[in-house]
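Just work-v7.txt here, compact mmCIF, C-alpha atoms:
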# COMPACT_ATOMS: atom_id res chain seq x y z
CA MET A 36 -4.99 -7.53 13.48
CA TYR A 37 -6.25 -5.32 10.65
CA ILE A 38 -4.79 -5.19 7.14
CA THR A 39 -4.84 -2.46 4.52
CA SER A 40 -3.63 -3.28 1.04
CA LEU A 41 -3.02 -1.41 -2.19
CA ILE A 42 -2.37 -2.42 -5.78
CA ILE A 43 -0.49 0.36 -7.56
CA PRO A 44 0.65 0.75 -11.18
CA VAL A 45 4.09 2.40 -11.10
CA PRO A 46 6.02 3.44 -14.22
CA ALA A 47 9.09 1.17 -14.40
CA GLU A 48 11.41 4.19 -14.55
CA ASN A 49 9.90 5.43 -11.24
CA ILE A 50 10.48 2.28 -9.16
CA ASP A 51 13.52 3.74 -7.38
CA ALA A 52 11.63 6.98 -6.68
CA TYR A 53 8.71 4.88 -5.44
CA ARG A 54 11.01 2.97 -3.07
CA THR A 55 12.31 6.26 -1.63
CA TRP A 56 8.76 7.62 -1.31
CA ALA A 57 7.62 4.35 0.34
CA GLN A 58 10.51 4.39 2.85
CA MET A 59 9.59 7.89 3.95
CA SER A 60 5.92 6.95 4.13
CA ALA A 61 6.67 3.81 6.17
CA ALA A 62 8.40 5.85 8.88
CA PHE A 63 5.39 8.18 8.99
CA PHE A 64 2.92 5.28 9.21
CA LYS A 65 4.99 3.60 11.95
CA GLU A 66 4.80 6.77 14.00
CA TYR A 67 1.01 6.50 13.84
CA GLY A 68 0.88 2.87 14.93
CA CYS A 69 1.38 0.76 11.81
CA LEU A 70 3.12 -2.44 12.90
CA GLU A 71 4.42 -3.69 9.56
CA ILE A 72 4.54 -2.64 5.92
CA VAL A 73 5.53 -4.75 2.94
CA GLU A 74 6.09 -3.21 -0.49
CA ALA A 75 6.48 -5.76 -3.28
CA CYS A 76 7.17 -5.13 -6.97
CA GLU A 77 5.83 -7.57 -9.54
CA ASP A 78 7.88 -10.57 -10.47
CA PHE A 79 5.26 -12.57 -12.36
CA ILE A 80 1.74 -11.42 -13.20
CA PRO A 81 -0.06 -13.59 -15.72
CA ASP A 82 -2.60 -12.10 -18.10
CA GLY A 83 -6.07 -13.20 -17.02
CA LYS A 84 -8.90 -14.06 -19.38
CA THR A 85 -11.47 -12.05 -17.45
CA THR A 86 -9.44 -9.88 -15.09
CA ASP A 87 -6.00 -9.61 -13.50
CA PHE A 88 -3.87 -7.14 -11.58
CA ARG A 89 -3.03 -5.10 -14.70
CA LYS A 90 -6.62 -4.81 -15.86
CA ALA A 91 -7.76 -3.94 -12.34
CA VAL A 92 -5.59 -0.79 -12.24
CA ALA A 93 -5.69 -0.02 -15.97
CA ALA A 94 -1.91 -0.49 -16.13
CA LYS A 95 -0.24 1.07 -19.13
CA PRO A 96 2.68 -0.43 -21.06
CA GLY A 97 5.89 0.03 -19.09
CA GLU A 98 4.19 0.09 -15.69
CA LYS A 99 5.07 -2.34 -12.92
CA ILE A 100 2.49 -3.52 -10.40
CA VAL A 101 3.33 -2.87 -6.76
CA LEU A 102 1.43 -4.71 -4.05
CA THR A 103 1.64 -3.27 -0.59
CA TRP A 104 0.07 -4.18 2.69
CA GLN A 105 0.09 -2.68 6.13
CA ILE A 106 -0.56 -4.53 9.38
CA TRP A 107 -2.32 -2.59 12.13
CA LYS A 108 -3.16 -3.72 15.68
CA ASP A 109 -6.89 -3.40 14.94
CA LYS A 110 -9.40 -1.44 12.88
CA ALA A 111 -9.84 1.23 15.56
CA THR A 112 -6.08 1.94 15.58
CA PHE A 113 -6.05 2.24 11.80
CA GLU A 114 -9.10 4.54 11.69
CA ALA A 115 -7.73 6.81 14.44
CA ALA A 116 -4.36 7.01 12.67
CA GLU A 117 -6.02 7.71 9.32
CA HIS A 118 -7.80 10.78 10.72
CA LYS A 119 -4.69 12.09 12.46
CA MET A 120 -2.39 11.50 9.48
CA HIS A 121 -4.60 13.49 7.11
CA ASP A 122 -4.39 16.44 9.51
CA ASP A 123 -0.60 16.18 9.80
CA PRO A 124 1.08 18.75 7.48
CA ARG A 125 3.93 16.30 6.85
CA MET A 126 1.50 14.25 4.75
CA ASP A 127 1.60 16.98 2.08
CA ALA A 128 5.36 17.44 2.50
CA ALA A 129 5.92 13.98 1.02
CA GLY A 130 5.28 15.47 -2.39
CA ALA A 131 3.43 13.93 -5.29
CA PRO A 132 3.63 10.16 -5.46
CA PRO A 133 5.64 8.72 -8.39
CA PHE A 134 2.53 7.03 -9.82
CA ASP A 135 -1.05 7.91 -10.78
CA PRO A 136 -2.99 7.66 -7.49
CA LYS A 137 -6.34 7.70 -9.32
CA ARG A 138 -5.66 4.16 -10.56
CA LEU A 139 -4.56 2.51 -7.33
CA ILE A 140 -6.86 0.07 -5.55
CA LEU A 141 -7.23 0.22 -1.78
CA GLY A 142 -8.83 -2.44 0.40
CA CYS A 143 -9.08 -2.97 4.14
CA PHE A 144 -9.42 -6.47 5.57
CA THR A 145 -10.13 -8.35 8.78
CA PRO A 146 -8.20 -11.63 8.79
CA ILE A 147 -10.17 -14.85 8.88
CA LEU A 148 -7.08 -17.08 9.04
CA THR A 149 -3.38 -16.50 9.66
CA MET A 150 -0.46 -18.91 9.49
CA GLY A 151 3.00 -18.23 10.89
CA ARG A 152 2.10 -15.11 12.80
CA THR A 153 1.29 -15.70 16.44
CA GLU A 154 0.90 -12.14 17.64
CA LEU A 155 0.93 -8.52 16.62

What do you get writing this file as structure tokens?
Amino acid sequence: MYITSLIIPVPAENIDAYRTWAQMSAAFFKEYGCLEIVEACEDFIPDGKTTDFRKAVAAKPGEKIVLTWQIWKDKATFEAAEHKMHDDPRMDAAGAPPFDPKRLILGCFTPILTMGRTEL
């Protein structure tokens, strides 16, 4: 299992547009081997003394934090898909995302412990 995750500041008025954009993107990612995608909009994000989700992405007033993660079979599958997807002209057909992509945070992770998931 291999996990990619993003933290994205999305203007509150663009959440519905983001959902539509994410649904289209999820179908595209599935085609390239992504096993699962979760898109979650903030419900409670406390202000941290040193750092927090908002500070991490330089969120502006009126922006909601979206946390998303993708589950891939393994790192090799993700990396192969990443190269192919960037060459697929449909990637550009998705249009501009309804958020500022310069402020999102991307991370890729190898699990060290899982609970409740027996296989993928």

Using all atoms listed in the file, which residue out of A:Gln105, A:Arg125, A:Asn49, A:Ile42 lies closest to Glu77 (chain A)?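 Checking each candidate against Glu77 (chain A), we get A:Ile42 as the closest.
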
Atomic separation - CA of Lys119 (chain A) relative to CA of Glu66 (chain A), Å: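 So the answer is 11.0 Å.
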
Length of the CA of Phe63 (chain A) to CA of Asp127 (chain A) vector [Å]: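 About the pair CA of Phe63 (chain A) and CA of Asp127 (chain A): they are 11.8 Å apart.
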
Quick one: pull the distance between CA of Pro133 (chain A) and CA of Ile43 (chain A), Å, one decimal. 10.4 Å

For Val73 (chain A), list every protein, DNA or RNA residue within 10 Å, evaluated using only C-alpha atoms, and leave out those in the same chain fewer than 4 positions away; present the list as a ChimeraX atom specification. /A:40,57,61,102-106

Write out as a list in words the residues lying within 9 Å of Ile38 (chain A), counting only C-alpha atoms and excluding same-chain residues fewer than 2 positions away. Met36, Ser40, Trp104, Gln105, Ile106, Trp107, Lys108, Asp109, Lys110, Phe113, Gly142, Cys143, Phe144, Thr145 and Pro146 of chain A

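Across A:Gly151, A:Pro46, A:Gly68, A:Pro132, the tightest approach to Ala94 (chain A) is made by A:Pro46 when counting all atoms listed in the file.
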
Find the residues near region 80-89 of chain A: any atom within 12 Å, counting all atoms listed in the file, skip ones fewer than 4 places away on the same chain, and give them as a PyMOL selection string. chain A and resi 41-45+76+93-102+138-140

Residue nearest Thr112 (chain A) among A:Phe64, A:Thr149, A:Cys69, A:Trp56 (counting all atoms listed in the file): A:Cys69
